[in-house]
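> I am attaching a structure below and will ask some questions about it afterwards.
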Amino acid sequence: MPKMKTRKAAAKRFKETGTGKFRHNQANARHILTKKSSKRKRRLRRSAAVKASEMSRLKASLPYGL
């Protein structure tokens, strides 16, 4: 059986933590920043954990992890 291919778009967007969870950068931090508060923009800089409901899709996209 051939090897499964990694979805490269997913590989570039996610980082795996030491415990096997995945983190991603948050959306809405690129443009139209003048109307967003400083507090909100600071929070958007941080990475967030991938939700449990999305993990099955992510595992399929990254069959060998990162």
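By convention here, the chains of the structure tokens are called A, B, ... in the order presented, each chain's residues are numbered starting at 1, and ligands are numbered starting at 1 in the order presented.
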Can you list, as a PyMOL selection string, every protein, DNA or RNA residue that comes within 9 Å of Arg13 (chain A) when you count only C-alpha atoms, leaving out same-chain residues fewer than 3 positions away?
chain A and resi 8-10+23-25
> Take the selection from the previous step and output its residues with all heavy atoms, as a PDB file, in the first residue's frame.

ATOM      1  N   LYS A   8      -0.150  19.719   2.420  1.00  0.00           N
ATOM      2  CA  LYS A   8       0.890  20.695   2.711  1.00  0.00           C
ATOM      3  C   LYS A   8       0.317  22.002   3.259  1.00  0.00           C
ATOM      4  O   LYS A   8       0.960  22.681   4.060  1.00  0.00           O
ATOM      5  CB  LYS A   8       1.716  20.987   1.457  1.00  0.00           C
ATOM      6  CG  LYS A   8       2.511  19.772   0.992  1.00  0.00           C
ATOM      7  CD  LYS A   8       3.267  19.145   2.138  1.00  0.00           C
ATOM      8  CE  LYS A   8       4.744  19.091   1.849  1.00  0.00           C
ATOM      9  NZ  LYS A   8       5.486  18.554   2.994  1.00  0.00           N
ATOM     10  N   ALA A   9      -0.887  22.374   2.838  1.00  0.00           N
ATOM     11  CA  ALA A   9      -1.510  23.594   3.364  1.00  0.00           C
ATOM     12  C   ALA A   9      -1.719  23.470   4.866  1.00  0.00           C
ATOM     13  O   ALA A   9      -1.478  24.420   5.618  1.00  0.00           O
ATOM     14  CB  ALA A   9      -2.835  23.846   2.665  1.00  0.00           C
ATOM     15  N   ALA A  10      -2.132  22.295   5.317  1.00  0.00           N
ATOM     16  CA  ALA A  10      -2.340  22.066   6.750  1.00  0.00           C
ATOM     17  C   ALA A  10      -0.999  22.025   7.480  1.00  0.00           C
ATOM     18  O   ALA A  10      -0.874  22.562   8.582  1.00  0.00           O
ATOM     19  CB  ALA A  10      -3.100  20.763   6.968  1.00  0.00           C
ATOM     20  N   ARG A  23      -1.831  23.623  17.478  1.00  0.00           N
ATOM     21  CA  ARG A  23      -2.111  25.044  17.655  1.00  0.00           C
ATOM     22  C   ARG A  23      -2.156  25.713  16.286  1.00  0.00           C
ATOM     23  O   ARG A  23      -1.515  25.261  15.350  1.00  0.00           O
ATOM     24  CB  ARG A  23      -1.047  25.687  18.533  1.00  0.00           C
ATOM     25  CG  ARG A  23      -1.021  25.063  19.911  1.00  0.00           C
ATOM     26  CD  ARG A  23      -0.349  25.868  20.967  1.00  0.00           C
ATOM     27  NE  ARG A  23      -0.977  27.124  21.290  1.00  0.00           N
ATOM     28  CZ  ARG A  23      -2.037  27.280  22.096  1.00  0.00           C
ATOM     29  NH1 ARG A  23      -2.607  26.224  22.630  1.00  0.00           N
ATOM     30  NH2 ARG A  23      -2.522  28.472  22.347  1.00  0.00           N
ATOM     31  N   HIS A  24      -2.932  26.792  16.195  1.00  0.00           N
ATOM     32  CA  HIS A  24      -3.062  27.523  14.935  1.00  0.00           C
ATOM     33  C   HIS A  24      -3.074  29.013  15.219  1.00  0.00           C
ATOM     34  O   HIS A  24      -3.406  29.443  16.331  1.00  0.00           O
ATOM     35  CB  HIS A  24      -4.341  27.120  14.206  1.00  0.00           C
ATOM     36  CG  HIS A  24      -5.597  27.542  14.913  1.00  0.00           C
ATOM     37  ND1 HIS A  24      -6.211  28.739  14.662  1.00  0.00           N
ATOM     38  CD2 HIS A  24      -6.334  26.936  15.874  1.00  0.00           C
ATOM     39  CE1 HIS A  24      -7.273  28.853  15.426  1.00  0.00           C
ATOM     40  NE2 HIS A  24      -7.380  27.773  16.181  1.00  0.00           N
ATOM     41  N   ASN A  25      -2.711  29.804  14.214  1.00  0.00           N
ATOM     42  CA  ASN A  25      -2.790  31.254  14.339  1.00  0.00           C
ATOM     43  C   ASN A  25      -4.242  31.683  14.171  1.00  0.00           C
ATOM     44  O   ASN A  25      -5.009  31.051  13.444  1.00  0.00           O
ATOM     45  CB  ASN A  25      -1.917  31.936  13.293  1.00  0.00           C
ATOM     46  CG  ASN A  25      -0.452  31.742  13.581  1.00  0.00           C
ATOM     47  OD1 ASN A  25      -0.039  31.679  14.739  1.00  0.00           O
ATOM     48  ND2 ASN A  25       0.347  31.628  12.540  1.00  0.00           N
TER      49      ASN A  25
END
> As a list in words, please: every residue in chain A that a backbone DSSP assignment puts in strand (DSSP E).
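Everything in chain A that counts as strand (DSSP E) is Phe14, Lys15, Glu16, Phe22, Arg23, His24, Ala48 and Ala49 of chain A.
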> Could you work out how far CA of Tyr64 (chain A) lies from CA of Ala52 (chain A), giving the answer in Å with one decimal?
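CA of Tyr64 (chain A) lies at a distance of 18.4 Å from CA of Ala52 (chain A).
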> Return as a compact mmCIF listing (two decimals) with N, CA, C and O atoms, in the first residue's frame the full set of residues in chain A whose backbone-based DSSP assignment is helix (DSSP H, G or I).

# COMPACT_ATOMS: atom_id res chain seq x y z
N LYS A 8 -0.15 19.72 2.42
CA LYS A 8 0.89 20.70 2.71
C LYS A 8 0.32 22.00 3.26
O LYS A 8 0.96 22.68 4.06
N ALA A 9 -0.89 22.37 2.84
CA ALA A 9 -1.51 23.59 3.36
C ALA A 9 -1.72 23.47 4.87
O ALA A 9 -1.48 24.42 5.62
N ALA A 10 -2.13 22.29 5.32
CA ALA A 10 -2.34 22.07 6.75
C ALA A 10 -1.00 22.03 7.48
O ALA A 10 -0.87 22.56 8.58
N ALA A 11 0.00 21.43 6.86
CA ALA A 11 1.32 21.32 7.49
C ALA A 11 1.92 22.69 7.75
O ALA A 11 2.64 22.89 8.72
N LYS A 12 1.62 23.66 6.88
CA LYS A 12 2.17 25.00 7.03
C LYS A 12 1.40 25.83 8.06
O LYS A 12 1.92 26.81 8.58
N ARG A 13 0.16 25.46 8.34
CA ARG A 13 -0.70 26.28 9.19
C ARG A 13 -0.74 25.85 10.66
O ARG A 13 -1.17 26.61 11.51
N SER A 38 -7.00 47.56 21.11
CA SER A 38 -5.63 47.08 21.32
C SER A 38 -5.64 45.73 22.03
O SER A 38 -4.84 44.86 21.72
N LYS A 39 -6.53 45.59 22.97
CA LYS A 39 -6.64 44.33 23.73
C LYS A 39 -6.99 43.17 22.79
O LYS A 39 -6.40 42.09 22.87
N ARG A 40 -7.94 43.42 21.90
CA ARG A 40 -8.36 42.39 20.94
C ARG A 40 -7.21 42.02 20.00
O ARG A 40 -6.97 40.84 19.72
N LYS A 41 -6.47 43.03 19.52
CA LYS A 41 -5.35 42.78 18.60
C LYS A 41 -4.23 42.01 19.29
O LYS A 41 -3.62 41.14 18.70
N ARG A 42 -4.00 42.32 20.57
CA ARG A 42 -2.99 41.58 21.34
C ARG A 42 -3.37 40.12 21.48
O ARG A 42 -2.56 39.23 21.34
N ARG A 43 -4.65 39.87 21.75
CA ARG A 43 -5.13 38.49 21.90
C ARG A 43 -5.03 37.71 20.60
O ARG A 43 -4.76 36.51 20.61
N LEU A 44 -5.25 38.40 19.48
CA LEU A 44 -5.20 37.73 18.18
C LEU A 44 -3.79 37.32 17.78
O LEU A 44 -3.63 36.47 16.92
N ARG A 45 -2.78 37.94 18.41
CA ARG A 45 -1.40 37.56 18.11
C ARG A 45 -1.07 36.16 18.62
O ARG A 45 -0.20 35.50 18.08
N ALA A 52 -11.55 20.13 19.63
CA ALA A 52 -11.64 18.66 19.57
C ALA A 52 -12.48 18.20 18.39
O ALA A 52 -12.20 17.16 17.78
N SER A 53 -13.50 18.98 18.03
CA SER A 53 -14.38 18.60 16.92
C SER A 53 -13.67 18.65 15.57
O SER A 53 -14.11 18.01 14.62
N GLU A 54 -12.56 19.39 15.48
CA GLU A 54 -11.80 19.51 14.23
C GLU A 54 -10.64 18.53 14.16
O GLU A 54 -10.00 18.40 13.11
N MET A 55 -10.35 17.85 15.26
CA MET A 55 -9.15 17.01 15.31
C MET A 55 -9.19 15.85 14.32
O MET A 55 -8.16 15.49 13.75
N SER A 56 -10.36 15.27 14.08
CA SER A 56 -10.42 14.14 13.15
C SER A 56 -10.05 14.58 11.74
O SER A 56 -9.35 13.87 11.02
N ARG A 57 -10.51 15.79 11.34
CA ARG A 57 -10.16 16.32 10.02
C ARG A 57 -8.67 16.61 9.93
O ARG A 57 -8.03 16.37 8.90
N LEU A 58 -8.11 17.11 11.02
CA LEU A 58 -6.69 17.45 11.03
C LEU A 58 -5.82 16.20 10.99
O LEU A 58 -4.80 16.17 10.30
N LYS A 59 -6.22 15.16 11.71
CA LYS A 59 -5.46 13.91 11.70
C LYS A 59 -5.46 13.29 10.30
O LYS A 59 -4.48 12.68 9.88
N ALA A 60 -6.56 13.45 9.57
CA ALA A 60 -6.62 12.93 8.20
C ALA A 60 -5.72 13.73 7.27
O ALA A 60 -5.13 13.19 6.34
N SER A 61 -5.61 15.04 7.53
CA SER A 61 -4.78 15.90 6.69
C SER A 61 -3.29 15.69 6.96
O SER A 61 -2.45 15.88 6.09
